[in-house]
Every structure is written in C-alpha cells, then in structure tokens.
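Colleague: Sharing target_39.cif here; it has mmCIF, C-alpha atoms.
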data_work
#
loop_
_atom_site.label_atom_id
_atom_site.label_comp_id
_atom_site.auth_asym_id
_atom_site.auth_seq_id
_atom_site.Cartn_x
_atom_site.Cartn_y
_atom_site.Cartn_z
CA MET Y 1 -32.29 4.57 68.32
CA THR Y 2 -34.90 4.61 65.56
CA ALA Y 3 -34.70 6.92 62.55
CA SER Y 4 -37.66 8.90 63.86
CA ARG Y 5 -35.91 9.35 67.20
CA ALA Y 6 -32.75 10.51 65.43
CA ALA Y 7 -34.83 12.98 63.40
CA ALA Y 8 -36.42 14.34 66.58
CA LYS Y 9 -32.97 14.90 68.09
CA VAL Y 10 -31.85 16.74 64.94
CA ARG Y 11 -34.90 19.01 65.15
CA ALA Y 12 -34.04 19.76 68.78
CA LEU Y 13 -30.49 20.66 67.78
CA PHE Y 14 -31.77 23.06 65.13
CA ALA Y 15 -34.13 24.71 67.62
CA ASP Y 16 -31.40 25.11 70.23
CA ALA Y 17 -29.17 26.80 67.62
CA GLY Y 18 -31.91 29.25 66.66
CA VAL Y 19 -32.43 27.93 63.14
CA THR Y 20 -35.04 26.10 61.13
CA GLY Y 21 -33.39 23.21 59.35
CA ARG Y 22 -33.82 20.50 56.77
CA LEU Y 23 -31.61 17.43 56.58
CA HIS Y 24 -31.18 14.22 54.67
CA ALA Y 25 -28.48 11.67 55.52
CA VAL Y 26 -28.12 8.35 53.72
CA ASP Y 27 -25.73 5.42 53.73
CA LEU Y 28 -24.31 5.41 50.19
CA ASP Y 29 -23.89 1.63 50.21
CA HIS Y 30 -27.27 0.93 51.84
CA PRO Y 31 -29.59 3.66 50.51
CA ASP Y 32 -32.59 2.28 52.38
CA ARG Y 33 -30.91 3.51 55.57
CA GLU Y 34 -31.60 7.22 56.01
CA VAL Y 35 -32.42 10.04 58.40
CA SER Y 36 -34.89 12.64 57.16
CA VAL Y 37 -35.90 16.01 58.56
CA GLY Y 38 -37.97 17.73 55.89
CA ALA Y 39 -35.87 15.97 53.24
CA ASP Y 40 -38.39 16.71 50.48
CA ASP Y 41 -39.04 20.35 51.37
CA PRO Y 42 -37.80 22.98 48.89
CA VAL Y 43 -34.72 24.86 50.08
CA VAL Y 44 -32.55 27.72 48.83
CA LEU Y 45 -29.32 26.28 47.45
CA ALA Y 46 -27.15 29.43 47.60
CA SER Y 47 -23.63 28.39 46.52
CA VAL Y 48 -24.51 24.71 46.76
CA PHE Y 49 -25.72 25.22 43.16
CA LYS Y 50 -22.04 25.08 42.16
CA VAL Y 51 -22.04 21.30 42.69
CA PRO Y 52 -24.65 20.49 40.01
CA LEU Y 53 -22.90 23.10 37.85
CA VAL Y 54 -19.55 21.30 38.06
CA VAL Y 55 -21.27 17.93 37.54
CA ALA Y 56 -22.84 19.38 34.38
CA LEU Y 57 -19.40 20.54 33.24
CA HIS Y 58 -18.05 17.01 33.59
CA HIS Y 59 -21.00 15.64 31.65
CA SER Y 60 -20.70 18.24 28.88
CA GLY Y 61 -17.92 16.56 26.92
CA LEU Y 62 -15.85 19.76 26.88
CA ASP Y 63 -12.07 19.58 27.05
CA LEU Y 64 -11.44 20.45 30.71
CA THR Y 65 -7.92 21.65 29.89
CA ARG Y 66 -9.36 24.37 27.63
CA ARG Y 67 -8.20 27.77 28.83
CA VAL Y 68 -10.37 30.86 29.15
CA THR Y 69 -9.59 34.41 30.25
CA LEU Y 70 -11.63 36.18 32.90
CA ASP Y 71 -11.29 39.89 32.25
CA HIS Y 72 -12.46 42.95 34.18
CA ASP Y 73 -16.14 42.29 33.40
CA ARG Y 74 -16.15 39.04 35.38
CA SER Y 75 -18.37 38.44 38.39
CA THR Y 76 -17.11 39.77 41.69
CA GLY Y 77 -16.80 38.07 45.07
CA PRO Y 78 -14.64 37.88 48.17
CA THR Y 79 -12.64 34.79 47.17
CA GLY Y 80 -10.62 33.45 44.27
CA VAL Y 81 -10.64 35.19 40.89
CA GLY Y 82 -13.71 37.16 41.98
CA GLY Y 83 -11.56 39.11 44.42
CA MET Y 84 -8.57 39.66 42.09
CA LEU Y 85 -7.78 42.86 40.21
CA ASP Y 86 -6.20 41.71 36.96
CA PRO Y 87 -7.26 39.44 34.08
CA VAL Y 88 -6.73 35.75 34.79
CA THR Y 89 -6.38 32.87 32.32
CA MET Y 90 -6.91 29.30 33.46
CA SER Y 91 -8.38 25.95 32.46
CA LEU Y 92 -11.97 24.88 32.91
CA ARG Y 93 -10.94 22.29 35.49
CA ASP Y 94 -9.11 24.95 37.49
CA LEU Y 95 -12.21 27.17 37.38
CA ALA Y 96 -14.17 24.20 38.77
CA TYR Y 97 -11.52 23.79 41.48
CA LEU Y 98 -11.96 27.40 42.59
CA ALA Y 99 -15.76 27.28 42.35
CA LEU Y 100 -15.92 24.39 44.83
CA THR Y 101 -12.93 24.85 47.12
CA VAL Y 102 -13.31 28.58 47.87
CA SER Y 103 -16.78 29.15 46.36
CA ASP Y 104 -15.37 31.54 43.75
CA ASN Y 105 -18.31 33.34 42.12
CA ALA Y 106 -16.33 34.54 39.12
CA ALA Y 107 -15.09 31.03 38.37
CA ALA Y 108 -18.58 29.55 38.72
CA ASP Y 109 -20.19 32.18 36.51
CA ALA Y 110 -17.51 31.74 33.86
CA LEU Y 111 -18.50 28.07 33.70
CA VAL Y 112 -22.21 28.90 33.53
CA ASP Y 113 -21.55 31.42 30.76
CA LEU Y 114 -19.67 28.75 28.83
CA ILE Y 115 -21.96 25.72 29.17
CA GLY Y 116 -25.26 27.55 29.79
CA LEU Y 117 -28.01 27.11 32.32
CA ASP Y 118 -29.81 24.80 29.86
CA GLU Y 119 -26.94 22.32 30.13
CA VAL Y 120 -27.13 22.42 33.92
CA ASP Y 121 -30.88 21.84 33.70
CA ARG Y 122 -30.40 18.93 31.28
CA THR Y 123 -27.94 17.27 33.64
CA VAL Y 124 -30.27 17.76 36.60
CA ARG Y 125 -33.11 16.13 34.64
CA GLU Y 126 -30.92 13.22 33.53
CA LEU Y 127 -30.01 12.52 37.15
CA HIS Y 128 -33.71 12.55 38.11
CA LEU Y 129 -33.35 15.46 40.52
CA GLY Y 130 -36.99 16.34 40.01
CA ARG Y 131 -37.16 19.27 42.43
CA THR Y 132 -33.83 20.90 41.70
CA VAL Y 133 -33.78 24.01 39.50
CA VAL Y 134 -30.87 26.34 38.69
CA VAL Y 135 -32.08 29.65 37.28
CA HIS Y 136 -29.48 32.13 38.59
CA ARG Y 137 -25.77 32.71 38.21
CA ALA Y 138 -23.84 33.73 41.31
CA ARG Y 139 -23.86 37.37 40.20
CA ASP Y 140 -27.66 37.28 40.08
CA PHE Y 141 -27.83 36.85 43.86
CA ALA Y 142 -26.25 40.26 44.46
CA ARG Y 143 -28.19 41.87 41.62
CA THR Y 144 -31.60 40.68 42.76
CA MET Y 145 -30.87 41.47 46.40
CA ALA Y 146 -29.92 45.02 45.45
CA GLU Y 147 -33.08 45.38 43.38
CA ASP Y 148 -35.35 43.90 46.05
CA ALA Y 149 -33.80 45.88 48.90
CA ALA Y 150 -34.31 49.23 47.14
CA PRO Y 151 -34.48 52.00 48.19
CA ASP Y 152 -32.45 50.71 51.15
CA GLU Y 153 -28.71 50.26 50.74
CA LEU Y 154 -26.84 47.00 51.06
CA PRO Y 155 -25.40 45.63 53.30
CA ARG Y 156 -27.16 47.55 56.08
CA ALA Y 157 -30.55 46.58 54.67
CA LEU Y 158 -29.71 42.87 55.01
CA ALA Y 159 -30.05 43.18 58.79
CA ASP Y 160 -33.68 44.24 58.40
CA PRO Y 161 -36.14 41.31 58.56
CA VAL Y 162 -38.65 43.27 56.48
CA VAL Y 163 -36.12 43.68 53.68
CA LEU Y 164 -35.09 40.03 53.90
CA SER Y 165 -38.70 38.93 53.55
CA ARG Y 166 -38.88 40.36 50.04
CA LEU Y 167 -35.60 39.06 48.66
CA ARG Y 168 -36.03 36.66 45.76
CA ALA Y 169 -32.64 35.15 46.59
CA LEU Y 170 -34.13 33.80 49.84
CA ASP Y 171 -37.34 32.43 48.31
CA PRO Y 172 -37.06 28.84 47.02
CA ALA Y 173 -39.80 29.56 44.50
CA GLN Y 174 -37.76 32.33 42.85
CA THR Y 175 -34.12 31.27 43.01
CA ASN Y 176 -31.86 28.23 42.73
CA ARG Y 177 -33.57 25.51 44.70
CA GLY Y 178 -33.61 21.83 45.48
CA THR Y 179 -34.38 19.44 48.30
CA PRO Y 180 -32.02 17.72 50.74
CA ARG Y 181 -32.96 14.35 49.20
CA ASP Y 182 -32.19 15.60 45.68
CA LEU Y 183 -28.78 16.78 46.81
CA THR Y 184 -27.84 13.49 48.48
CA THR Y 185 -28.96 11.77 45.27
CA LEU Y 186 -26.55 14.03 43.40
CA LEU Y 187 -23.77 13.14 45.83
CA ARG Y 188 -24.49 9.44 45.35
CA HIS Y 189 -23.98 9.92 41.61
CA VAL Y 190 -20.71 11.77 42.16
CA TRP Y 191 -19.39 9.08 44.50
CA GLN Y 192 -20.42 6.16 42.29
CA HIS Y 193 -19.07 7.20 38.89
CA ASP Y 194 -15.42 7.33 37.81
CA GLN Y 195 -16.22 10.28 35.55
CA CYS Y 196 -16.83 12.31 38.70
CA ALA Y 197 -13.59 11.36 40.49
CA PRO Y 198 -12.14 14.87 39.92
CA ILE Y 199 -15.19 16.36 41.66
CA ARG Y 200 -14.69 14.11 44.67
CA ARG Y 201 -11.07 15.27 44.87
CA ILE Y 202 -12.03 18.94 44.68
CA MET Y 203 -14.79 18.69 47.27
CA ALA Y 204 -12.34 17.06 49.69
CA LEU Y 205 -10.16 20.18 49.34
CA GLN Y 206 -12.84 22.69 50.34
CA VAL Y 207 -11.27 25.19 52.74
CA TRP Y 208 -14.22 25.84 55.07
CA PRO Y 209 -14.09 23.67 58.23
CA HIS Y 210 -16.72 25.44 60.32
CA ARG Y 211 -19.89 23.59 59.25
CA LEU Y 212 -20.06 19.97 58.14
CA ALA Y 213 -16.44 19.09 58.91
CA SER Y 214 -16.71 20.54 62.43
CA GLY Y 215 -18.94 17.61 63.37
CA PHE Y 216 -16.24 15.06 62.50
CA PRO Y 217 -12.98 16.23 64.15
CA PHE Y 218 -11.15 12.93 63.63
CA ASP Y 219 -7.91 12.43 61.73
CA ASP Y 220 -9.15 9.23 60.12
CA VAL Y 221 -12.55 10.53 58.97
CA ARG Y 222 -12.63 12.28 55.60
CA VAL Y 223 -15.21 14.98 54.83
CA ALA Y 224 -15.76 16.35 51.33
CA GLY Y 225 -18.31 19.14 51.06
CA LYS Y 226 -19.66 22.36 49.59
CA THR Y 227 -21.12 25.21 51.60
CA GLY Y 228 -23.79 27.72 50.62
CA THR Y 229 -24.29 31.07 52.32
CA LEU Y 230 -26.72 33.98 51.97
CA PRO Y 231 -28.25 36.29 54.58
CA THR Y 232 -29.75 33.97 57.27
CA VAL Y 233 -28.90 30.93 55.08
CA ARG Y 234 -26.17 28.46 56.08
CA ASN Y 235 -26.00 25.21 54.10
CA GLU Y 236 -23.62 22.39 53.36
CA ILE Y 237 -23.78 19.14 51.47
CA GLY Y 238 -21.08 16.51 51.52
CA VAL Y 239 -19.92 12.96 52.03
CA VAL Y 240 -18.39 11.61 55.23
CA GLU Y 241 -16.07 8.61 54.79
CA TYR Y 242 -14.86 6.42 57.67
CA PRO Y 243 -11.73 4.23 57.65
CA ASP Y 244 -13.88 1.09 57.81
CA GLY Y 245 -15.34 1.96 54.39
CA GLY Y 246 -18.59 3.53 55.59
CA ARG Y 247 -19.72 6.38 53.33
CA TYR Y 248 -22.58 8.73 54.16
CA ALA Y 249 -24.06 11.53 52.09
CA VAL Y 250 -25.46 14.42 54.11
CA ALA Y 251 -27.32 17.56 53.05
CA VAL Y 252 -28.10 20.22 55.66
CA PHE Y 253 -29.96 23.45 54.92
CA THR Y 254 -30.70 26.05 57.59
CA ARG Y 255 -32.29 29.47 58.05
CA SER Y 256 -31.52 31.50 61.17
CA ALA Y 257 -34.01 33.64 63.05
CA SER Y 258 -31.25 36.18 63.66
CA THR Y 259 -30.06 38.39 60.81
CA ALA Y 260 -26.54 38.61 62.24
CA PHE Y 261 -23.83 37.58 59.77
CA THR Y 262 -21.69 35.94 62.46
CA LEU Y 263 -23.56 33.17 64.28
CA PRO Y 264 -21.15 30.42 65.38
CA ALA Y 265 -23.94 28.25 66.80
CA ALA Y 266 -25.81 28.33 63.48
CA ASP Y 267 -22.67 27.27 61.62
CA ALA Y 268 -21.76 24.57 64.12
CA VAL Y 269 -25.20 22.94 64.16
CA VAL Y 270 -24.69 21.89 60.53
CA GLY Y 271 -21.87 19.60 61.67
CA THR Y 272 -23.53 18.57 64.93
CA ALA Y 273 -26.77 17.55 63.21
CA ALA Y 274 -24.86 15.72 60.48
CA ARG Y 275 -22.80 13.80 63.04
CA LEU Y 276 -25.89 12.72 64.97
CA ALA Y 277 -27.52 11.49 61.76
CA VAL Y 278 -24.42 9.65 60.61
CA GLU Y 279 -23.90 8.04 64.01
CA HIS Y 280 -27.45 6.71 63.77
CA LEU Y 281 -26.73 5.28 60.31
CA ARG Y 282 -23.59 3.58 61.64
#
Can the structure from this file be put into structure tokens for me?
Modeller:
Amino acid sequence: MTASRAAAKVRALFADAGVTGRLHAVDLDHPDREVSVGADDPVVLASVFKVPLVVALHHSGLDLTRRVTLDHDRSTGPTGVGGMLDPVTMSLRDLAYLALTVSDNAAADALVDLIGLDEVDRTVRELHLGRTVVVHRARDFARTMAEDAAPDELPRALADPVVLSRLRALDPAQTNRGTPRDLTTLLRHVWQHDQCAPIRRIMALQVWPHRLASGFPFDDVRVAGKTGTLPTVRNEIGVVEYPDGGRYAVAVFTRSASTAFTLPAADAVVGTAARLAVEHLR
C-alpha cells in the first residue's frame, strides 16, 4: 500500500466517524517514511500545548525539585490539583507529571506562570516548530469561551453551533496552534534526547486509553501520549513503540460535526487512524 493510499483510507475513517481530521505519522528512525493527511494545516492544540510547555520547562535550566505552593487562586479543572480544595505544595517535576498524565490545568498554568510564555515560545523557535504558537494558559480557554459565548451561559451554549463558531478557543488563528508535522517533530526531539527522558516516562503514564492507545491493544506495544480536548475537538499526539524496536510518532487532530460531548466513535477514530498509518509505516 502506498502512502497516498494509506492517507486516503485515513480520510475515509475520519469521514465515517463524523469528524474532519488531520494526521501525521512518521518512523522516528527513518523520517523519510511518513503518512500525511493535512499534516501542514493549522490545528487547535487544546491541552496538547502542555507537551511543548513541559519541554520548555526541561530546557529552562530550573531546578525541577524546586517546590511551589498552589493556593486558592490557582486555575481550576476537573483533574489533579485543579479539582482539589486545599493548598498544595509540590515540585516542578511533579507539576509536570500531573500536567501530562491527567491534563491538570492548575499544574500546567503554575508552570506557565513560573517560566513564562516567552520561554515556551523560545523553545518552540529553537526546535524549528515554525507554525506552533502558544499564546494561552489553560485558564484562558474557559475565560475566552465564557466571553465569546455571552450572553449565553456555559455549558449549555457549547451545544449551539452558532456559539461554537465564534469561540476563539476553537480558531487556530486566535489560540494555541500548531500543525501535525510540527508536533511529530517535537516528539522526535523528546525521543532522541536524554534530557527529555523524564518526559517520555511521564507521557507513558498518561491515564486516558480511549484515543491513541485504543488503536494498539497489545501487551507488548507501548504507547506514550497526550490528549487535547475542547468542544468538538479531540486530539492526541504520541509515540508507539513495538518490541522489535520500531518507533513511530503520530499526531492526530479532529473536529466533530456533532456538538455532543460524548462521541465514542470520534474518540476511537484517533486510535484507528493512527494504527492504520503505523501499520503502513511498518
């Protein structure tokens, strides 16, 4: 099967799942071998932005054992420190762990507040991710959605396609953005440098199995990833490693036609499309 044929099959999978999708899959040890479906199109990162954030942290030179306290003014969220009630003190590396494993917004924003968006941007530029831009903290997603939905009330308004059409958080030109190819380039950096070994460990501990990992239900295949989710947006980037040493970086970004929050087919197609692309590369 040619790469173009594999890409056509991926497009068909996206259509059958009711989503528009972009994908880039590449063999980390043979980067000339790839599958591309809109790999250079701009996409909304959602919580995928936490990967370049944590990479920037590891490039910052800060002592990762340094401890900080997240008090009552921290960012909120459904997981990790963001969902807790009391002040929490922990190290920078543990904040990074929570930001990637359970997509903790409070942990991620604490890191952004410490190192700054300029440091994230500098790291992105150094890694030659020319179309990746991080302009928002996690808390800015909720803030801008509330502003843009007005006078409607969240979350009911997020089921209205008219409201969704005016949300900055869903517009690649106005929020954290990148391309699938940029994100697999970032993964290649993480998997090729010893300095990033802690990031590889953390990504392998991500708790969400319903997207990328669902396409590789094998005991001997290791998947390390990071999801991103916003209304109609379901993303994941990650690396799939086989016992024979094969390593494949995959970035999948989707938008659903339906505004429903629960869409199992839209989640599952991330893994199905990734598996088809990786099987072609193998």
Colleague: Considering only C-alpha atoms, can you say which of Y:Val102, Y:Trp191, Y:Ala138, Y:Arg166 comes closest to Gln206 of chain Y?
Modeller: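 Checking each of Y:Val102, Y:Trp191, Y:Ala138, Y:Arg166 against Gln206 of chain Y, counting only C-alpha atoms, the winner is Y:Val102.
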Colleague: What does the structure give for the distance between atom CA of Pro42 of chain Y and atom CA of Asp171 of chain Y, in Å to one decimal?
Modeller: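 Atom CA of Asp171 of chain Y lies 9.5 Å from atom CA of Pro42 of chain Y.
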Colleague: Write out as an NGL selection string the residues lying within 8 Å of Ala3 of chain Y, counting all atoms listed in the file and excluding same-chain residues fewer than 4 positions away.
Modeller: :Y and (7 or 34-36 or 280)
Colleague: What is the atom CA of Val239 of chain Y to atom CA of Val10 of chain Y distance in Å?
Modeller: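 Atom-to-atom, atom CA of Val239 of chain Y to atom CA of Val10 of chain Y, that is 18.0 Å.
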Colleague: Evaluate the PyMOL selection byres ((chain Y and resi 48) around 8) on the structure here and hand back the selected residues as a list in words.
Modeller: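 Evaluating the PyMOL selection byres ((chain Y and resi 48) around 8) on these coordinates yields Leu45, Ala46, Ser47, Phe49, Lys50, Val51, Pro52, Lys226, Thr227, Gly228, Asn235, Glu236 and Ile237 of chain Y.
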Colleague: Evaluated on this file, the PyMOL selection byres ((chain Y and resi 74-79) around 6) picks out some residues - which ones are they, written as a VMD selection string?
Modeller: chain Y and resid 70 to 73 80 82 to 83 104 to 106 139
Colleague: Which neighbours of segment 123-135 of chain Y fall inside 6 Å, counting all atoms listed in the file, when residues of the same chain fewer than 2 positions from it are skipped, and could you give them as a PyMOL selection string?
Modeller: chain Y and resi 56+120-121+176-178+182
Colleague: Counting all atoms listed in the file, what is within 7 Å of segment 265-277 of chain Y, bar same-chain residues fewer than 2 positions away, as number ranges by chain?
Modeller: Y: 6, 10, 13-14, 17-19, 25, 35, 210-216, 234, 250, 252, 256, 263, 279-281
Colleague: Mind checking which residues fall within 9 Å of Ser60 of chain Y, counting all atoms listed in the file, ignoring those fewer than 2 positions away in the same chain, and posting them as an MDAnalysis selection string?
Modeller: chainID Y and resid 55:58 62:63 115 119 123
Colleague: Dump C-alpha atoms for the selected residues as a PDB file, in the frame of the given file?
Modeller:
ATOM      1  CA  VAL Y  55     -21.270  17.930  37.540  1.00  0.00           C
ATOM      2  CA  ALA Y  56     -22.840  19.380  34.380  1.00  0.00           C
ATOM      3  CA  LEU Y  57     -19.400  20.540  33.240  1.00  0.00           C
ATOM      4  CA  HIS Y  58     -18.050  17.010  33.590  1.00  0.00           C
ATOM      5  CA  LEU Y  62     -15.850  19.760  26.880  1.00  0.00           C
ATOM      6  CA  ASP Y  63     -12.070  19.580  27.050  1.00  0.00           C
ATOM      7  CA  ILE Y 115     -21.960  25.720  29.170  1.00  0.00           C
ATOM      8  CA  GLU Y 119     -26.940  22.320  30.130  1.00  0.00           C
ATOM      9  CA  THR Y 123     -27.940  17.270  33.640  1.00  0.00           C
TER      10      THR Y 123
END
Colleague: What separation in Å, quoted to one decimal, exists between atom CA of Gly38 of chain Y and atom CA of Pro180 of chain Y?
Modeller: 7.9 Å
Colleague: Expand the PyMOL selection byres ((chain Y and resi 249) around 9) into the individual residues it matches in the shown file, reporting them as a ChimeraX atom specification.
Modeller: /Y:24-28,183-185,187-188,237-241,247-248,250-251,278
Colleague: Hey, what's within 7 Å of Gly21 of chain Y if we count all atoms listed in the file and toss same-chain stuff fewer than 3 positions away? As a PDB file with C-alpha atoms, in the frame of the given file, please?
Modeller:
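The file below, part31.pdb, is the result:
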ATOM      1  CA  PHE Y  14     -31.770  23.060  65.130  1.00  0.00           C
ATOM      2  CA  PHE Y 253     -29.960  23.450  54.920  1.00  0.00           C
ATOM      3  CA  THR Y 254     -30.700  26.050  57.590  1.00  0.00           C
ATOM      4  CA  ARG Y 255     -32.290  29.470  58.050  1.00  0.00           C
TER       5      ARG Y 255
END
